[in-house]
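Asks: The structure file data32.cif (mmCIF, C-alpha atoms) is provided below.
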```
data_input
#
loop_
_atom_site.label_atom_id
_atom_site.label_comp_id
_atom_site.auth_asym_id
_atom_site.auth_seq_id
_atom_site.Cartn_x
_atom_site.Cartn_y
_atom_site.Cartn_z
CA MET A 1 35.45 129.58 35.87
CA LEU A 2 38.60 129.17 34.00
CA ARG A 3 38.72 130.18 30.49
CA HIS A 4 40.41 127.68 28.28
CA GLU A 5 42.48 129.11 25.58
CA GLN A 6 41.82 127.03 22.51
CA ASP A 7 44.74 125.35 20.91
CA PRO A 8 44.85 126.24 17.22
CA GLU A 9 45.44 122.59 16.33
CA THR A 10 42.32 121.35 18.20
CA ALA A 11 40.02 124.29 17.60
CA GLU A 12 38.69 122.92 14.36
CA ASN A 13 38.60 119.20 15.39
CA PRO A 14 34.99 118.15 16.13
CA ALA A 15 35.97 114.92 17.90
CA ILE A 16 38.07 116.78 20.40
CA GLU A 17 35.35 119.36 20.79
CA ARG A 18 32.94 116.56 21.77
CA VAL A 19 35.31 115.12 24.35
CA ILE A 20 35.81 118.52 25.89
CA ALA A 21 32.07 119.11 26.05
CA GLU A 22 31.59 115.70 27.68
CA LEU A 23 34.21 116.43 30.32
CA ARG A 24 32.60 119.78 31.13
CA THR A 25 29.25 118.15 31.86
CA PRO A 26 28.64 118.10 35.69
CA VAL A 27 28.74 114.66 37.31
CA PRO A 28 25.46 113.80 38.97
CA VAL A 29 25.80 113.29 42.79
CA ARG A 30 23.29 111.35 44.79
CA ALA A 31 21.18 113.48 47.10
CA GLU A 32 21.92 111.27 50.19
CA TRP A 33 25.69 111.63 49.64
CA ARG A 34 25.39 115.36 49.46
CA ALA A 35 23.26 115.41 52.65
CA GLY A 36 25.80 113.20 54.47
CA LEU A 37 28.66 115.48 53.50
CA ALA A 38 26.71 118.49 54.72
CA ARG A 39 26.05 116.81 58.10
CA GLY A 40 29.70 115.91 58.48
CA LEU A 41 30.82 119.45 57.79
CA ALA A 42 28.26 120.79 60.25
CA THR A 43 29.77 118.71 63.10
CA LEU A 44 33.31 120.11 62.62
CA PRO A 45 34.40 122.87 65.05
CA PRO A 46 34.68 126.34 63.61
CA PRO A 47 38.17 127.24 62.43
CA SER A 48 40.19 129.27 64.95
CA ALA A 49 42.21 132.20 63.80
CA ALA A 50 44.97 131.71 66.39
CA GLY A 51 45.09 127.94 66.63
CA PRO A 52 47.26 125.64 64.66
CA ARG A 53 45.93 124.39 61.37
CA PHE A 54 47.32 120.92 61.98
CA VAL A 55 47.41 119.30 65.42
CA ARG A 56 49.75 116.37 65.96
CA ARG A 57 49.10 114.01 68.80
CA TRP A 58 52.11 112.90 70.91
CA THR A 59 51.83 109.89 73.15
CA PHE A 60 54.09 109.67 76.25
CA ARG A 61 55.66 106.32 77.08
CA PRO A 62 57.66 106.37 80.36
CA LEU A 63 59.98 103.48 79.51
CA THR A 64 60.81 104.96 76.14
CA ALA A 65 61.50 108.33 77.73
CA ILE A 66 63.82 106.75 80.36
CA ALA A 67 65.62 104.74 77.72
CA ALA A 68 66.11 107.80 75.57
CA ALA A 69 67.43 109.76 78.55
CA VAL A 70 69.91 107.03 79.49
CA VAL A 71 71.12 106.68 75.91
CA CYS A 72 71.57 110.44 75.64
CA ALA A 73 73.48 110.51 78.96
CA VAL A 74 75.78 107.66 77.93
CA VAL A 75 76.46 109.15 74.52
CA GLY A 76 77.05 112.58 76.06
CA ALA A 77 79.38 111.23 78.71
CA THR A 78 81.33 109.25 76.12
CA ILE A 79 81.73 112.27 73.88
CA ALA A 80 82.75 114.44 76.85
CA THR A 81 85.27 111.84 78.02
CA VAL A 82 86.82 111.55 74.58
CA LEU A 83 86.99 115.32 74.11
CA LEU A 84 88.31 116.09 77.60
CA GLY A 85 90.67 113.13 77.55
CA SER A 86 92.25 114.15 74.29
CA GLY A 87 92.71 117.65 75.65
CA ARG A 88 94.68 116.58 78.71
CA ARG A 89 96.52 113.55 77.43
CA SER A 90 99.94 113.08 78.98
CA SER A 91 102.62 110.47 78.85
CA SER A 92 102.54 107.74 81.47
CA ALA A 93 105.75 109.04 83.02
CA GLU A 94 104.27 112.52 83.38
CA VAL A 95 101.12 111.15 84.95
CA LEU A 96 103.02 109.08 87.51
CA ALA A 97 105.42 111.91 88.30
CA ASN A 98 102.56 114.20 89.29
CA LEU A 99 100.90 111.99 91.85
CA THR A 100 100.13 113.22 95.31
CA SER A 101 97.79 111.77 97.81
CA THR A 102 96.31 112.16 101.23
CA MET A 103 96.88 109.54 103.86
CA PRO A 104 94.09 106.95 103.85
CA LEU A 105 91.70 107.79 106.64
CA PRO A 106 90.26 104.71 108.32
CA GLY A 107 87.04 104.98 110.17
CA GLU A 108 86.22 108.56 109.39
CA HIS A 109 83.85 108.15 106.52
CA GLY A 110 80.59 106.33 106.69
CA GLY A 111 81.44 103.84 109.41
CA GLN A 112 84.09 102.45 111.66
CA SER A 113 85.96 100.44 109.05
CA THR A 114 85.49 102.51 105.92
CA VAL A 115 88.73 103.82 104.48
CA ARG A 116 88.80 106.76 102.09
CA PHE A 117 91.54 106.53 99.49
CA VAL A 118 92.44 109.75 97.69
CA LEU A 119 94.94 110.20 94.89
CA VAL A 120 95.63 113.55 93.28
CA ALA A 121 96.33 112.76 89.65
CA PRO A 122 94.80 115.48 87.47
CA TYR A 123 96.35 114.18 84.27
CA ALA A 124 95.28 110.56 84.69
CA SER A 125 92.39 109.30 82.64
CA ARG A 126 91.72 106.11 84.62
CA VAL A 127 92.61 105.18 88.19
CA SER A 128 91.69 102.09 90.19
CA LEU A 129 92.60 100.66 93.56
CA VAL A 130 94.14 97.20 93.99
CA GLY A 131 95.12 95.39 97.14
CA ASP A 132 94.83 92.30 99.23
CA PHE A 133 91.22 93.31 99.91
CA ASN A 134 90.13 92.94 96.28
CA LYS A 135 92.36 90.13 95.09
CA TRP A 136 94.62 92.65 93.32
CA ASN A 137 92.06 92.90 90.58
CA PRO A 138 92.48 96.20 88.63
CA SER A 139 88.89 96.20 87.44
CA ALA A 140 87.30 95.54 90.83
CA MET A 141 87.51 99.04 92.32
CA PRO A 142 87.66 101.91 89.83
CA MET A 143 88.08 105.25 91.58
CA ARG A 144 85.85 108.21 90.80
CA ARG A 145 87.10 111.61 89.78
CA SER A 146 86.44 114.46 92.19
CA ALA A 147 84.21 117.35 91.24
CA ASP A 148 87.17 119.61 90.42
CA GLY A 149 88.73 116.89 88.27
CA ARG A 150 92.04 116.83 90.14
CA ALA A 151 91.67 113.97 92.59
CA TRP A 152 90.41 110.41 92.50
CA LEU A 153 88.40 109.07 95.41
CA LEU A 154 87.12 105.79 96.72
CA ASP A 155 85.62 104.69 100.03
CA VAL A 156 86.28 101.04 100.84
CA PRO A 157 84.97 99.05 103.79
CA LEU A 158 87.95 97.17 105.25
CA PRO A 159 88.21 94.76 108.16
CA PRO A 160 90.66 95.63 110.96
CA GLY A 161 94.26 94.76 110.19
CA ARG A 162 97.13 95.54 107.87
CA HIS A 163 96.24 95.96 104.19
CA VAL A 164 98.71 96.21 101.33
CA TYR A 165 97.49 98.18 98.33
CA SER A 166 98.49 100.21 95.32
CA PHE A 167 96.93 102.43 92.68
CA VAL A 168 96.69 101.56 89.00
CA VAL A 169 97.08 104.81 87.08
CA ASP A 170 96.40 104.49 83.37
CA GLY A 171 97.52 100.87 83.55
CA ASP A 172 100.67 101.42 85.62
CA LEU A 173 101.05 100.42 89.26
CA ALA A 174 101.84 103.31 91.57
CA PRO A 175 102.23 103.20 95.37
CA ASP A 176 100.40 105.73 97.51
CA PRO A 177 102.73 108.73 97.88
CA ALA A 178 101.22 109.60 101.27
CA ALA A 179 101.20 106.21 102.94
CA PRO A 180 104.00 104.06 104.34
CA ARG A 181 105.59 101.67 101.88
CA ALA A 182 105.05 97.99 102.46
CA GLY A 183 108.24 96.43 103.72
CA ASP A 184 107.50 93.16 101.98
CA ASP A 185 107.81 94.33 98.37
CA ASP A 186 108.81 90.88 97.25
CA PHE A 187 108.05 91.36 93.60
CA GLY A 188 110.15 94.41 92.90
CA VAL A 189 107.22 96.82 92.66
CA PRO A 190 106.50 98.89 95.77
CA SER A 191 103.11 98.92 97.46
CA SER A 192 101.64 100.85 100.35
CA VAL A 193 100.19 99.87 103.69
CA VAL A 194 97.06 101.04 105.45
CA LEU A 195 96.26 99.98 108.96
CA VAL A 196 92.69 99.66 110.10
CA ALA A 197 92.52 99.61 113.86
CA GLY A 198 89.80 97.66 115.54
CA ALA A 199 88.89 94.81 117.77
CA LYS A 200 90.91 91.64 117.78
CA THR A 201 90.16 89.51 114.72
CA MET B 1 62.09 98.08 68.28
CA THR B 2 61.76 100.82 70.87
CA ARG B 3 60.74 98.30 73.48
CA VAL B 4 63.76 96.11 72.74
CA LEU B 5 66.05 99.14 73.03
CA THR B 6 64.39 100.08 76.29
CA TRP B 7 64.98 96.68 77.86
CA CYS B 8 68.56 96.60 76.59
CA VAL B 9 69.29 99.91 78.29
CA ILE B 10 67.64 98.78 81.53
CA VAL B 11 69.58 95.49 81.57
CA VAL B 12 72.90 97.23 80.88
CA THR B 13 72.26 99.84 83.57
CA LEU B 14 71.27 97.26 86.18
CA SER B 15 74.21 95.00 85.38
CA SER B 16 76.66 97.87 85.78
CA VAL B 17 75.11 98.78 89.14
CA VAL B 18 75.27 95.14 90.29
CA GLY B 19 78.88 94.92 89.10
CA ARG B 20 79.92 97.89 91.23
CA GLY B 21 78.18 96.36 94.21
CA ALA B 22 80.12 93.14 93.78
CA GLY B 23 83.36 95.13 93.79
CA ALA B 24 82.51 96.58 97.16
CA GLN B 25 81.62 93.17 98.54
CA ALA B 26 84.97 91.78 97.46
CA ALA B 27 86.65 93.89 100.14
CA GLU B 28 84.89 92.03 102.91
CA ARG B 29 85.32 88.41 101.82
CA PRO B 30 88.68 86.67 102.24
CA MET B 31 90.21 85.28 99.08
CA THR B 32 90.00 81.55 98.42
CA ALA B 33 92.08 79.13 96.38
CA ALA B 34 89.36 79.02 93.73
CA GLU B 35 89.98 82.71 93.04
CA LEU B 36 93.66 82.39 92.23
CA PRO B 37 94.52 84.21 88.99
CA ALA B 38 94.14 82.15 85.83
CA ARG B 39 97.63 83.15 84.64
CA LEU B 40 99.27 80.79 87.12
CA ALA B 41 100.49 77.51 85.66
CA PRO B 42 98.54 74.45 86.85
CA ALA B 43 101.59 73.08 88.65
CA THR B 44 102.13 76.39 90.46
CA ARG B 45 98.48 76.55 91.38
CA GLN B 46 98.65 73.03 92.78
CA VAL B 47 101.60 73.95 95.01
CA ILE B 48 99.81 77.07 96.26
CA VAL B 49 96.64 75.13 97.04
CA HIS B 50 98.72 72.56 98.91
CA LEU B 51 100.42 75.34 100.91
CA GLY B 52 97.02 76.85 101.73
CA ASP B 53 95.67 73.47 102.85
CA SER B 54 98.69 73.04 105.11
CA LEU B 55 98.09 76.42 106.73
CA ARG B 56 94.42 75.72 107.30
CA ALA B 57 95.20 72.33 108.75
CA VAL B 58 97.16 73.96 111.59
CA GLY B 59 94.62 76.72 112.10
CA LEU B 60 96.47 79.47 110.24
CA PRO B 61 94.73 81.77 107.73
CA ASP B 62 95.26 80.86 104.08
CA ALA B 63 93.68 83.97 102.52
CA PRO B 64 96.90 86.04 102.85
CA LEU B 65 98.68 83.39 100.81
CA TYR B 66 96.24 83.65 97.89
CA ALA B 67 96.23 87.43 98.05
CA LYS B 68 100.02 87.42 97.88
CA ALA B 69 99.89 85.17 94.82
CA ALA B 70 97.46 87.54 93.14
CA GLU B 71 99.76 90.46 93.95
CA GLY B 72 102.67 88.63 92.34
CA VAL B 73 100.65 87.92 89.21
CA LEU B 74 99.55 91.54 88.88
CA LYS B 75 103.15 92.70 89.32
CA GLY B 76 104.33 90.36 86.60
CA ALA B 77 106.45 88.09 88.78
CA PRO B 78 107.34 84.66 87.40
CA ASP B 79 105.71 81.64 89.00
CA ALA B 80 108.97 80.49 90.57
CA ARG B 81 109.40 83.80 92.36
CA ILE B 82 105.80 83.74 93.54
CA LEU B 83 106.31 80.31 95.07
CA VAL B 84 109.46 81.44 96.90
CA VAL B 85 107.57 84.38 98.40
CA LEU B 86 104.56 82.26 99.36
CA ARG B 87 106.69 79.64 101.09
CA ALA B 88 108.39 82.39 103.09
CA LEU B 89 105.01 83.89 104.00
CA ALA B 90 103.66 80.53 105.15
CA ARG B 91 106.72 80.04 107.32
CA GLU B 92 106.44 83.54 108.79
CA LEU B 93 102.76 83.09 109.58
CA GLY B 94 103.70 79.97 111.55
CA ASP B 95 106.53 81.77 113.33
CA ALA B 96 104.23 84.68 114.16
CA ARG B 97 101.71 82.35 115.74
CA ALA B 98 104.46 80.63 117.70
CA SER B 99 105.59 84.02 119.04
CA LEU B 100 102.20 85.66 119.59
CA GLY B 101 100.37 82.65 120.94
CA ALA B 102 97.47 80.52 119.85
CA SER B 103 94.97 83.24 120.70
CA ALA B 104 96.43 85.66 118.14
CA GLY B 105 93.89 86.83 115.58
CA GLU B 106 94.37 86.86 111.80
CA ALA B 107 95.20 90.58 111.71
CA GLU B 108 97.87 90.07 114.38
CA LEU B 109 99.33 87.08 112.59
CA VAL B 110 99.55 88.93 109.27
CA ALA B 111 101.10 91.97 110.94
CA GLY B 112 103.51 89.76 112.90
CA ALA B 113 104.53 87.90 109.75
CA SER B 114 105.23 91.17 107.97
CA ALA B 115 107.37 92.35 110.91
CA LEU B 116 109.35 89.11 110.86
CA HIS B 117 109.75 89.48 107.10
CA VAL B 118 111.47 92.86 107.42
CA GLY B 119 113.83 91.95 110.23
CA ALA B 120 112.04 91.57 113.54
CA SER B 121 112.98 88.51 115.54
CA PRO B 122 110.56 86.06 117.15
CA ALA B 123 111.94 87.17 120.52
CA MET B 124 110.88 90.77 119.79
CA LEU B 125 107.36 89.63 119.00
CA ARG B 126 107.20 87.56 122.17
CA GLN B 127 108.38 90.54 124.23
CA LEU B 128 105.78 92.80 122.63
CA ARG B 129 103.03 90.30 123.34
CA GLU B 130 104.02 89.97 127.00
CA THR B 131 104.12 93.73 127.42
CA HIS B 132 100.79 94.08 125.64
CA VAL B 133 99.06 91.45 127.75
CA GLY B 134 100.43 93.06 130.88
CA ALA B 135 99.26 96.53 129.87
CA ALA B 136 96.01 95.95 127.99
CA GLY B 137 95.05 92.30 128.39
CA GLU B 138 94.37 89.58 125.84
CA ALA B 139 91.16 91.07 124.50
CA THR B 140 92.68 93.97 122.59
CA SER B 141 94.59 93.61 119.34
CA LEU B 142 98.35 93.91 119.00
CA ALA B 143 98.05 94.40 115.23
CA THR B 144 98.60 98.16 115.27
CA PRO B 145 101.89 98.08 117.22
CA LEU B 146 103.10 95.21 115.04
CA VAL B 147 102.32 97.13 111.85
CA ALA B 148 104.13 100.16 113.24
CA LEU B 149 107.13 97.96 114.05
CA ALA B 150 107.14 96.53 110.52
CA ASP B 151 106.92 100.01 109.01
CA LEU B 152 109.84 101.30 111.08
CA LEU B 153 111.96 98.31 110.12
CA ALA B 154 111.04 98.82 106.47
CA ARG B 155 112.44 102.36 106.77
CA ARG B 156 115.75 100.89 107.98
CA VAL B 157 115.37 101.80 111.62
CA PRO B 158 117.65 99.42 113.60
CA ALA B 159 115.55 96.49 114.84
CA GLY B 160 116.52 96.90 118.51
CA VAL B 161 115.65 100.61 118.53
CA ALA B 162 112.35 100.09 116.74
CA ALA B 163 111.28 97.22 119.00
CA ALA B 164 112.21 99.17 122.15
CA ALA B 165 110.25 102.21 120.98
CA ILE B 166 107.12 100.20 120.18
CA ASP B 167 107.44 98.25 123.42
CA SER B 168 107.61 101.43 125.50
CA LEU B 169 104.47 102.77 123.84
CA VAL B 170 102.64 99.46 124.30
CA ALA B 171 103.65 99.38 127.98
CA ARG B 172 101.99 102.76 128.53
CA GLY B 173 98.82 101.79 126.71
CA ALA B 174 99.33 104.18 123.78
CA PRO B 175 96.28 104.42 121.51
CA SER B 176 96.36 103.42 117.82
CA ASP B 177 96.67 107.03 116.75
CA ASP B 178 100.02 107.31 118.54
CA PHE B 179 101.50 104.42 116.56
CA ALA B 180 100.22 105.91 113.32
CA ALA B 181 101.66 109.29 114.34
CA LEU B 182 105.03 107.73 115.16
CA ARG B 183 105.45 105.97 111.85
CA ALA B 184 104.28 109.02 109.89
CA ALA B 185 106.61 111.37 111.77
CA VAL B 186 109.61 109.07 111.39
CA GLU B 187 108.92 108.72 107.68
CA ARG B 188 108.83 112.50 107.32
CA ASP B 189 112.06 112.86 109.31
CA ILE B 190 113.86 110.27 107.22
CA ASP B 191 112.66 111.89 104.00
CA ALA B 192 114.03 115.17 105.37
CA GLY B 193 117.44 113.57 105.80
CA ARG B 194 117.40 112.77 109.52
CA ALA B 195 118.96 109.58 110.88
CA PRO B 196 116.25 106.92 111.43
CA GLU B 197 117.48 105.98 114.91
CA ALA B 198 117.56 109.57 116.18
CA SER B 199 114.13 110.25 114.75
CA VAL B 200 112.55 107.21 116.41
CA VAL B 201 114.08 108.01 119.80
CA GLN B 202 113.01 111.63 119.78
CA ARG B 203 109.51 111.01 118.41
CA THR B 204 108.87 108.22 120.88
CA GLN B 205 109.95 110.38 123.79
CA GLY B 206 107.57 113.07 122.61
CA LEU B 207 104.66 110.63 122.45
CA LEU B 208 105.47 109.24 125.91
CA ARG B 209 105.48 112.76 127.34
CA ASN B 210 102.08 113.36 125.75
CA ILE B 211 100.72 110.15 127.27
CA GLU B 212 101.96 111.20 130.71
CA GLY B 213 100.46 114.63 130.20
CA ARG B 214 97.07 113.15 129.28
CA ARG B 215 97.15 110.97 132.38
CA ARG B 216 97.86 113.91 134.67
CA THR B 217 95.10 116.00 133.11
CA PRO B 218 91.76 115.05 134.71
#
```
For this file, write the structure as structure tokens.
Replies:
Amino acid sequence: MLRHEQDPETAENPAIERVIAELRTPVPVRAEWRAGLARGLATLPPPSAAGPRFVRRWTFRPLTAIAAAVVCAVVGATIATVLLGSGRRSSSAEVLANLTSTMPLPGEHGGQSTVRFVLVAPYASRVSLVGDFNKWNPSAMPMRRSADGRAWLLDVPLPPGRHVYSFVVDGDLAPDPAAPRAGDDDFGVPSSVVLVAGAKT
Amino acid sequence: MTRVLTWCVIVVTLSSVVGRGAGAQAAERPMTAAELPARLAPATRQVIVHLGDSLRAVGLPDAPLYAKAAEGVLKGAPDARILVVLRALARELGDARASLGASAGEAELVAGASALHVGASPAMLRQLRETHVGAAGEATSLATPLVALADLLARRVPAGVAAAAIDSLVARGAPSDDFAALRAAVERDIDAGRAPEASVVQRTQGLLRNIEGRRRTP
């Protein structure tokens, strides 16, 4: 029981003394309430010494988890791209001057008419393939960076015949350094030629 | 809120996957007039469509015409220049068919047109076709030798020398790999400073010796 130090100003005031006495009087509690409280306490498990004092329930929602994972992956990839890209940024002339490539290899990857295009451009940040097989659309066939980050790869199914193509490196057209140049460069910008052998079409 | 975000992510992911798939499909479907780039002026587009209709009417492929127009647009060529190039291509496709015969496939016609464009004559194409039919028959494609011929001419090999080299390989039934090897080797030689004519003669002789050697080996 706490001892109340009496304030000198209120010690002699009888009205305040009465209020204090009233407040100290125990509140009567109904017997059935008290019994109910006792039953409720009796049903609780005994407190564990090692267990947590507060247990929070987590519910698992698969769609939410997938969405969160995808968002995290996209955000992470974006941040990585920005950070890595800023670290290796080069001028367009430098990027185009450092291109090498391997000759397109028809029919050796994943089927008779699949051609693998490879461009070694370690300083490029975006490379795509354009040609008469994709309507010369720079956004139709983005190439993927190799695991070591030096080359750009793409496998394209092509029908037999002669196909004129070029790479788009960071927005600039660049012919394939390893393939024959197209003789019909009618527009003043060179392109390359790949030949897919096959049955008569 | 979480559910909305979830569906947004799913829709974006699926649409990107579908978009990549469409890019791969574009390689297999020939281009049509409806897919000509929007940058072309309406009058230019009308002329191109008319040219394409004319080609189709005589049984020639029109897809190479539209692809060439798209190439010109991407390379920033003015409409007038694009039309000049397309008219030449249409003419060369017709000449190629006249030289290679009505049974020539689209790949052969395109390859023949490109050879004509860089300096081959219709007589050279006719000679190649006759040799090819005599050696391999009508069923196999002449596209590979024609592409090799066009590539050699593009590297400034004299037309007579290039045509004779390709003709000799066709006459002996050289496989596609030999034509690819010839054009690659000649390109390397020229880049190394060798005369184009000398390179073609020597490389062709080497390939012919290999063919004879393969025939003798059981």
Asks: Can you turn the PyMOL selection byres ((chain B and resi 189-202) around 7) into a concrete residue list for this file, as a PyMOL selection string?
Replies: chain B and resi 156-158+161+185-188+203-206
Asks: Residues of the last selection are to be written out with C-alpha atoms, as a compact mmCIF listing (two decimals), keeping the file's coordinate frame.
Replies:
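Okay, out-v9.txt is ready:
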```
# COMPACT_ATOMS: atom_id res chain seq x y z
CA ARG B 156 115.75 100.89 107.98
CA VAL B 157 115.37 101.80 111.62
CA PRO B 158 117.65 99.42 113.60
CA VAL B 161 115.65 100.61 118.53
CA ALA B 185 106.61 111.37 111.77
CA VAL B 186 109.61 109.07 111.39
CA GLU B 187 108.92 108.72 107.68
CA ARG B 188 108.83 112.50 107.32
CA ARG B 203 109.51 111.01 118.41
CA THR B 204 108.87 108.22 120.88
CA GLN B 205 109.95 110.38 123.79
CA GLY B 206 107.57 113.07 122.61
```
Asks: Tell me which residues the PyMOL selection byres ((chain A and resi 146) around 12) grabs here, as a list in words.
Replies: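 After applying the PyMOL selection byres ((chain A and resi 146) around 12), what remains is Phe117, Val118, Leu119, Val120, Ala121, Pro122, Val127, Met143, Arg144, Arg145, Ala147, Asp148, Gly149, Arg150, Ala151, Trp152, Leu153 and Leu154 of chain A.
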Asks: Using only C-alpha atoms, determine which residues of chain A fall within 10 Å of chain B; present them as a count of residues only.
Replies: 59
Asks: Choose the residue, out of B:Asp178, B:Asp79, B:Thr131, B:Val58, that has the smallest atom-to-atom separation from Ala102 of chain B; count all atoms listed in the file.
Replies: B:Val58
Asks: Could you work out how far atom CA of Arg214 of chain B lies from atom CA of Glu130 of chain B, giving the answer in Å with one decimal?
Replies: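 That distance, rounded to one decimal, is 24.3 Å.
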Asks: Is it possible to get the residues within 6 Å of (114.3, 92.8, 119.0) (coordinates as in the file, counting all atoms listed in the file) written as a PDB file with C-alpha atoms, in the coordinates of the input?
Replies:
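Writing done, so here's point_24.pdb:
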```pdb
ATOM      1  CA  SER B 121     112.980  88.510 115.540  1.00  0.00           C
ATOM      2  CA  MET B 124     110.880  90.770 119.790  1.00  0.00           C
ATOM      3  CA  ALA B 159     115.550  96.490 114.840  1.00  0.00           C
ATOM      4  CA  GLY B 160     116.520  96.900 118.510  1.00  0.00           C
ATOM      5  CA  ALA B 163     111.280  97.220 119.000  1.00  0.00           C
TER       6      ALA B 163
END
```
Asks: Could you tell me how far atom CA of Ser99 of chain B lies from atom CA of Ser192 of chain A, in Å and to one decimal?
Replies: 25.5 Å
Asks: As an exercise, work out the distance from atom CA of Val170 of chain B to atom CA of His132 of chain B in Å and give it to one decimal place.
Replies: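 So the answer is 5.8 Å.
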